[in-house]
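Right, one structure below, let's go through it.
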Amino acid sequence: MRDALRIAHRTTALLLALAAAVGATVTGASAEPGAGKDVPDVAVIGTGGTISGVSTNRVSFQDYRSGQLAISKMVDELRPEVDGLADVTTEQFGNKGSGSYTIADYRRLTASVDAALKKNDAVVVTTGTDTMEEFAYWLDLTVRSAKPVVLTGSMRPWTVIGTDAPANLYNAIKLAASRKTTCYGTVVMLNDQIQAAREVRKTNALRMDTFGSGPTGELGVIDQDNIRLHRAPARVQKCGKSGWDTPFDLDTIADGPLPKVEIAYSYQDAGGEAITAFAGAGADGIVTAGTGAGGISPAMSAARTEAVKKGVLFASTTRTGSGAVYGSSTATGVIGAEDLTPQKARLLLLLSLAATEDEKQIREWVSTLGTAQFVTR
């Protein structure tokens, strides 16, 4: 057991070193805009949220208007500190709460991030925290460049005492400028903690330490001048190789509405009406947030069987917050979404259905892209 642990730690260390070493030559990162400069180029894209909120007074921690401050103003308030880290430019993508954005907006955001990464060494995106984990996972699945993408926000608006907003934005720029998360995909940085997009979730409605990554734990921390990375996402194994990026190249997916995917929550004696209604309203896919290892009520199960007959594809997840629903234990038309949360399984299923109607292919993507496992040989 000790030998296995030593091997695992050694493997992670080697992969971390690989990600750092190959950062200048990975797919999408071969051109280095910051080469020969004292500081790298970092674009900060603002979408709103609490971080850009304005309070009614200096102690209105929950009573404020989100999406009020321009990202350019927020970055300017951090100068000259950020000028020592990077040559920072800003883009105002939007300015509203994270829950107000649509999938069509997400698609446009990916295009903005991809465009910014062609001209910069890294990108920071500010969002509201309510659906930040979905913003992060969407970008993780769709951004084509291996250059760092860092999401940040805050639990308190910019204008109250004790706000976490300026520190989070500063640390996000610091992390992006370091380029230490090259090949990590999208990461989230709040409360001095660095989290992987796939695992991160909001765990508390009000506390500033709300974001966690469940059993897998954080990727690392920022302690003032020290950026410490303790582990890496599994995708760094493909750093610098074909296949690092996902199959979900939005440039190759037809314009127009993406597939409609909904979530149905199971509970004691839950009815099947939600599944029936979703299927009747034209849902292409439905995620069930089940009890235990994905269990749903008899009524929901009957409704699911009928919906599968009509061509609706299901992803089965657990409502527990941890643990997995494995694909090998699910029937035709129902895919076990491993340990993805329902909201993240929805995004993966949505993008998969946009790329193919082949259930076998989607099962393969869920069992590879949808997991956090390192591949051992």
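How things are named: the first chain in the structure tokens is A, the next is B, and so on; residues count from 1 in each chain; ligands count from 1 in the order shown.
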
Q.
Just want the 7 Å neighbourhood of region 102-118 of chain A, counted on only C-alpha atoms, with same-chain residues fewer than 4 positions away dropped. Output as number ranges by chain.
A. A: 43, 122-123, 139, 142-145

Write the residues you've just listed into a file as a PDB file, in the first residue's frame, and include all heavy atoms for each of them.
ATOM      1  N   ALA A  43      -5.947  38.588 -20.227  1.00  0.00           N
ATOM      2  CA  ALA A  43      -7.229  39.240 -20.493  1.00  0.00           C
ATOM      3  C   ALA A  43      -8.198  38.894 -19.369  1.00  0.00           C
ATOM      4  O   ALA A  43      -8.295  37.729 -18.964  1.00  0.00           O
ATOM      5  CB  ALA A  43      -7.797  38.787 -21.827  1.00  0.00           C
ATOM      6  N   ALA A 122      -3.107  34.080 -21.001  1.00  0.00           N
ATOM      7  CA  ALA A 122      -4.073  33.477 -20.085  1.00  0.00           C
ATOM      8  C   ALA A 122      -5.299  34.370 -20.016  1.00  0.00           C
ATOM      9  O   ALA A 122      -5.253  35.539 -20.411  1.00  0.00           O
ATOM     10  CB  ALA A 122      -3.468  33.304 -18.687  1.00  0.00           C
ATOM     11  N   VAL A 123      -6.395  33.790 -19.511  1.00  0.00           N
ATOM     12  CA  VAL A 123      -7.649  34.534 -19.383  1.00  0.00           C
ATOM     13  C   VAL A 123      -8.220  34.330 -17.986  1.00  0.00           C
ATOM     14  O   VAL A 123      -8.183  33.220 -17.442  1.00  0.00           O
ATOM     15  CB  VAL A 123      -8.681  34.080 -20.435  1.00  0.00           C
ATOM     16  CG1 VAL A 123     -10.084  34.547 -20.079  1.00  0.00           C
ATOM     17  CG2 VAL A 123      -8.307  34.600 -21.819  1.00  0.00           C
ATOM     18  N   LEU A 139     -16.802  25.902 -19.812  1.00  0.00           N
ATOM     19  CA  LEU A 139     -15.558  26.361 -20.435  1.00  0.00           C
ATOM     20  C   LEU A 139     -14.522  25.246 -20.461  1.00  0.00           C
ATOM     21  O   LEU A 139     -13.766  25.101 -21.433  1.00  0.00           O
ATOM     22  CB  LEU A 139     -15.019  27.589 -19.700  1.00  0.00           C
ATOM     23  CG  LEU A 139     -15.864  28.857 -19.822  1.00  0.00           C
ATOM     24  CD1 LEU A 139     -15.285  29.977 -18.957  1.00  0.00           C
ATOM     25  CD2 LEU A 139     -15.975  29.322 -21.280  1.00  0.00           C
ATOM     26  N   THR A 142     -15.350  23.160 -23.485  1.00  0.00           N
ATOM     27  CA  THR A 142     -15.458  23.757 -24.821  1.00  0.00           C
ATOM     28  C   THR A 142     -14.286  24.622 -25.260  1.00  0.00           C
ATOM     29  O   THR A 142     -14.075  24.785 -26.464  1.00  0.00           O
ATOM     30  CB  THR A 142     -16.738  24.610 -24.918  1.00  0.00           C
ATOM     31  OG1 THR A 142     -16.700  25.657 -23.933  1.00  0.00           O
ATOM     32  CG2 THR A 142     -17.984  23.757 -24.711  1.00  0.00           C
ATOM     33  N   VAL A 143     -13.508  25.188 -24.345  1.00  0.00           N
ATOM     34  CA  VAL A 143     -12.378  26.037 -24.746  1.00  0.00           C
ATOM     35  C   VAL A 143     -11.311  25.167 -25.403  1.00  0.00           C
ATOM     36  O   VAL A 143     -10.965  24.100 -24.888  1.00  0.00           O
ATOM     37  CB  VAL A 143     -11.811  26.804 -23.538  1.00  0.00           C
ATOM     38  CG1 VAL A 143     -10.481  27.470 -23.883  1.00  0.00           C
ATOM     39  CG2 VAL A 143     -12.816  27.854 -23.069  1.00  0.00           C
ATOM     40  N   ARG A 144     -10.776  25.608 -26.517  1.00  0.00           N
ATOM     41  CA  ARG A 144      -9.854  24.786 -27.302  1.00  0.00           C
ATOM     42  C   ARG A 144      -8.406  24.937 -26.897  1.00  0.00           C
ATOM     43  O   ARG A 144      -7.584  24.060 -27.182  1.00  0.00           O
ATOM     44  CB  ARG A 144      -9.990  25.140 -28.795  1.00  0.00           C
ATOM     45  CG  ARG A 144     -11.397  25.200 -29.329  1.00  0.00           C
ATOM     46  CD  ARG A 144     -12.225  23.982 -28.946  1.00  0.00           C
ATOM     47  NE  ARG A 144     -11.748  22.759 -29.596  1.00  0.00           N
ATOM     48  CZ  ARG A 144     -12.093  21.538 -29.213  1.00  0.00           C
ATOM     49  NH1 ARG A 144     -12.888  21.372 -28.180  1.00  0.00           N
ATOM     50  NH2 ARG A 144     -11.635  20.488 -29.847  1.00  0.00           N
ATOM     51  N   SER A 145      -8.042  26.030 -26.281  1.00  0.00           N
ATOM     52  CA  SER A 145      -6.648  26.279 -25.935  1.00  0.00           C
ATOM     53  C   SER A 145      -6.289  25.673 -24.593  1.00  0.00           C
ATOM     54  O   SER A 145      -7.099  25.632 -23.667  1.00  0.00           O
ATOM     55  CB  SER A 145      -6.382  27.789 -25.889  1.00  0.00           C
ATOM     56  OG  SER A 145      -5.089  28.058 -25.398  1.00  0.00           O
TER      57      SER A 145
END

Q: Can you work out which one of A:Leu229, A:Ile275, A:Ala197, A:Ile222 has the shortest atom-to-atom distance to Gly370 (chain A), counting only C-alpha atoms?
A: A:Ala197

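We find CA of Ser55 (chain A) and CA of Asn95 (chain A) to be spaced 15.5 Å apart.
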
**Q.** Residue among A:Ser98, A:Thr332, A:Thr305, A:Gln92 lying closest to Ala136 (chain A), counting only C-alpha atoms
**A.** A:Ser98

Q) Among region 122-273 of chain A, which residues carry a DSSP assignment of helix (DSSP H, G or I), reported as a PyMOL selection string? A) chain A and resi 132-142+165-178+214-216+234-238+250-252+273
